[in-house]
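Enquirer: As input, take work-v6.cif (mmCIF, C-alpha atoms and all ligand atoms):
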data_work
#
loop_
_atom_site.group_PDB
_atom_site.id
_atom_site.type_symbol
_atom_site.label_atom_id
_atom_site.label_comp_id
_atom_site.auth_asym_id
_atom_site.auth_seq_id
_atom_site.Cartn_x
_atom_site.Cartn_y
_atom_site.Cartn_z
ATOM 1 C CA MET A 1219 27.143 11.468 -17.137
ATOM 2 C CA ALA A 1220 27.232 11.077 -13.370
ATOM 3 C CA ALA A 1221 24.057 11.288 -11.340
ATOM 4 C CA LYS A 1222 23.162 14.767 -10.098
ATOM 5 C CA GLN A 1223 22.815 15.275 -6.371
ATOM 6 C CA HIS A 1224 20.182 17.305 -4.531
ATOM 7 C CA THR A 1225 20.845 17.680 -0.806
ATOM 8 C CA ASN A 1226 19.381 19.547 2.144
ATOM 9 C CA GLY A 1227 22.260 18.622 4.428
ATOM 10 C CA THR A 1228 20.376 15.767 6.059
ATOM 11 C CA ILE A 1229 19.520 13.679 3.018
ATOM 12 C CA THR A 1230 20.738 13.573 -0.558
ATOM 13 C CA ILE A 1231 18.640 12.525 -3.535
ATOM 14 C CA THR A 1232 20.575 11.452 -6.621
ATOM 15 C CA TYR A 1233 19.161 11.376 -10.124
ATOM 16 C CA ASP A 1234 20.709 9.895 -13.266
ATOM 17 C CA ALA A 1235 18.943 11.197 -16.392
ATOM 18 C CA GLU A 1236 20.606 8.589 -18.585
ATOM 19 C CA VAL A 1237 18.963 5.789 -16.612
ATOM 20 C CA CYS A 1238 15.509 7.380 -16.083
ATOM 21 C CA THR A 1239 12.725 5.754 -18.119
ATOM 22 C CA HIS A 1240 10.330 8.649 -17.433
ATOM 23 C CA ALA A 1241 7.610 6.523 -15.902
ATOM 24 C CA ALA A 1242 6.804 9.603 -13.742
ATOM 25 C CA ARG A 1243 6.186 7.535 -10.649
ATOM 26 C CA CYS A 1244 8.308 9.928 -8.623
ATOM 27 C CA VAL A 1245 6.301 12.947 -9.823
ATOM 28 C CA LYS A 1246 3.015 11.302 -8.843
ATOM 29 C CA GLY A 1247 4.292 9.752 -5.634
ATOM 30 C CA LEU A 1248 6.183 12.757 -4.279
ATOM 31 C CA PRO A 1249 4.710 15.922 -5.820
ATOM 32 C CA GLY A 1250 6.266 18.075 -3.080
ATOM 33 C CA VAL A 1251 9.731 16.764 -3.896
ATOM 34 C CA VAL A 1252 9.675 16.191 -7.652
ATOM 35 C CA ASP A 1253 8.211 18.947 -9.817
ATOM 36 C CA ALA A 1254 9.345 19.117 -13.440
ATOM 37 C CA ASN A 1255 8.191 22.743 -13.663
ATOM 38 C CA ARG A 1256 10.416 23.952 -10.823
ATOM 39 C CA LYS A 1257 14.153 24.669 -10.700
ATOM 40 C CA PRO A 1258 15.773 22.848 -9.086
ATOM 41 C CA TRP A 1259 13.130 20.264 -9.875
ATOM 42 C CA ILE A 1260 14.046 17.977 -6.957
ATOM 43 C CA ASP A 1261 13.520 19.488 -3.474
ATOM 44 C CA PRO A 1262 14.695 17.230 -0.610
ATOM 45 C CA ASP A 1263 12.624 19.326 1.839
ATOM 46 C CA GLY A 1264 9.354 18.399 0.110
ATOM 47 C CA ALA A 1265 8.677 15.258 2.176
ATOM 48 C CA THR A 1266 10.089 13.352 5.131
ATOM 49 C CA PRO A 1267 13.263 11.322 4.608
ATOM 50 C CA SER A 1268 11.267 8.124 5.136
ATOM 51 C CA GLU A 1269 8.702 9.111 2.496
ATOM 52 C CA ILE A 1270 11.474 9.936 0.042
ATOM 53 C CA GLU A 1271 13.324 6.713 0.752
ATOM 54 C CA ALA A 1272 10.155 4.672 0.150
ATOM 55 C CA GLN A 1273 9.426 6.407 -3.157
ATOM 56 C CA VAL A 1274 13.007 6.067 -4.369
ATOM 57 C CA ALA A 1275 12.671 2.322 -3.798
ATOM 58 C CA ARG A 1276 9.705 2.335 -6.247
ATOM 59 C CA CYS A 1277 11.650 3.967 -9.104
ATOM 60 C CA PRO A 1278 11.487 1.314 -11.840
ATOM 61 C CA SER A 1279 14.769 2.233 -13.522
ATOM 62 C CA GLY A 1280 17.032 2.858 -10.544
ATOM 63 C CA ALA A 1281 17.605 6.438 -11.731
ATOM 64 C CA LEU A 1282 16.765 7.791 -8.281
ATOM 65 C CA GLY A 1283 19.020 7.202 -5.323
ATOM 66 C CA PHE A 1284 18.868 8.204 -1.676
ATOM 67 C CA LEU A 1285 21.568 8.818 0.930
ATOM 68 C CA ARG A 1286 21.237 9.800 4.554
ATOM 69 C CA ASN A 1287 24.127 12.143 5.217
ATOM 70 C CA ALA A 1288 26.443 11.475 8.129
ATOM 71 C CA ASP A 1289 25.878 13.573 11.259
HETATM 72 S S1 LIG B 1301 10.320 7.190 -10.993
HETATM 73 FE FE1 LIG B 1301 12.450 6.843 -11.704
HETATM 74 S S2 LIG B 1301 12.227 6.242 -13.845
HETATM 75 FE FE2 LIG B 1301 10.299 7.226 -13.249
HETATM 76 S S3 LIG B 1301 10.520 9.402 -13.803
HETATM 77 FE FE3 LIG B 1301 11.153 9.182 -11.656
HETATM 78 S S4 LIG B 1301 13.379 8.881 -11.773
HETATM 79 FE FE4 LIG B 1301 12.583 8.455 -13.821
#
Go through the file and emit its structure as structure tokens.
Expert:
Amino acid sequence: MAAKQHTNGTITITYDAEVCTHAARCVKGLPGVVDANRKPWIDPDGATPSEIEAQVARCPSGALGFLRNAD
């Protein structure tokens, strides 16, 4: 299955459930962006692009991805 994309027009967060190891680092590190009890559960407006980019880099499995959309 391809990674799902969550965009706010400025940035896009991608998530691949088949790769995720459920370490929950993203939930703890970005609670405003990643909330398993919300739909959609990833909200790109929940933190600054720089904060999101830094947390995506800490995802141990590579399930999370980050793109800055072209202007
Ligand atoms: S940090 Fe990465 S591996 Fe851990 S729950 Fe989030 S997406 Fe999955």
Enquirer: Within 6 Å of ligand LIG 1301 (chain B) (counting only C-alpha atoms and all ligand atoms), which residues show up? I'd like them as a PyMOL selection string.
Expert: chain A and resi 1238-1244+1277-1279+1281-1282
Enquirer: For a cutoff of 10 Å around the file-coordinate point (23.8, 17.7, 3.2), which residues qualify once you count all atoms listed in the file? I'd like the result as a list in words.
Expert: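 Residues satisfying the cut-off, written out: Gln1223, His1224, Thr1225, Asn1226, Gly1227, Thr1228, Ile1229, Thr1230, Ile1231, Pro1262, Leu1285, Arg1286, Asn1287, Ala1288 and Asp1289 of chain A.
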Enquirer: To one decimal in Å, tell me the separation between atom CA of Lys1246 of chain A and atom CA of Gln1273 of chain A.
Expert: 9.9 Å
Enquirer: List the spatial neighbours of Gly1250 of chain A as an MDAnalysis selection string - criterion: any atom at most 9 Å away, all atoms listed in the file, same-chain residues fewer than 3 positions off excluded.
Expert: chainID A and resid 1245 1247 1253 1260:1265
Enquirer: Generate a file of the selected residues that holds C-alpha atoms, formatted as a compact mmCIF listing (two decimals), in the coordinates of the input.
Expert:
# COMPACT_ATOMS: atom_id res chain seq x y z
CA VAL A 1245 6.30 12.95 -9.82
CA GLY A 1247 4.29 9.75 -5.63
CA ASP A 1253 8.21 18.95 -9.82
CA ILE A 1260 14.05 17.98 -6.96
CA ASP A 1261 13.52 19.49 -3.47
CA PRO A 1262 14.70 17.23 -0.61
CA ASP A 1263 12.62 19.33 1.84
CA GLY A 1264 9.35 18.40 0.11
CA ALA A 1265 8.68 15.26 2.18
Enquirer: To one decimal in Å, tell me the separation between atom CA of Glu1269 of chain A and atom CA of Ala1220 of chain A.
Expert: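 Between atom CA of Glu1269 of chain A and atom CA of Ala1220 of chain A the gap works out to 24.5 Å.
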Enquirer: Point out the residue among A:Val1252, A:Tyr1233, A:Pro1267, A:Lys1257 with the least atom-to-atom distance to Gly1283 of chain A, counting all atoms listed in the file.
Expert: A:Tyr1233
Enquirer: Report, in Å to a single decimal, how far apart atom CA of Ser1268 of chain A and atom CA of Gly1280 of chain A are.
Expert: 17.5 Å
Enquirer: Box in all listed atoms of segment 1248-1263 of chain A, axis-aligned, with 6 Å more on each side; write out centre and edge lengths in Å to one decimal as AutoDock Vina command-line options.
Expert:
--center_x 10.2 --center_y 18.7 --center_z -5.9 --size_x 23.1 --size_y 23.9 --size_z 27.5
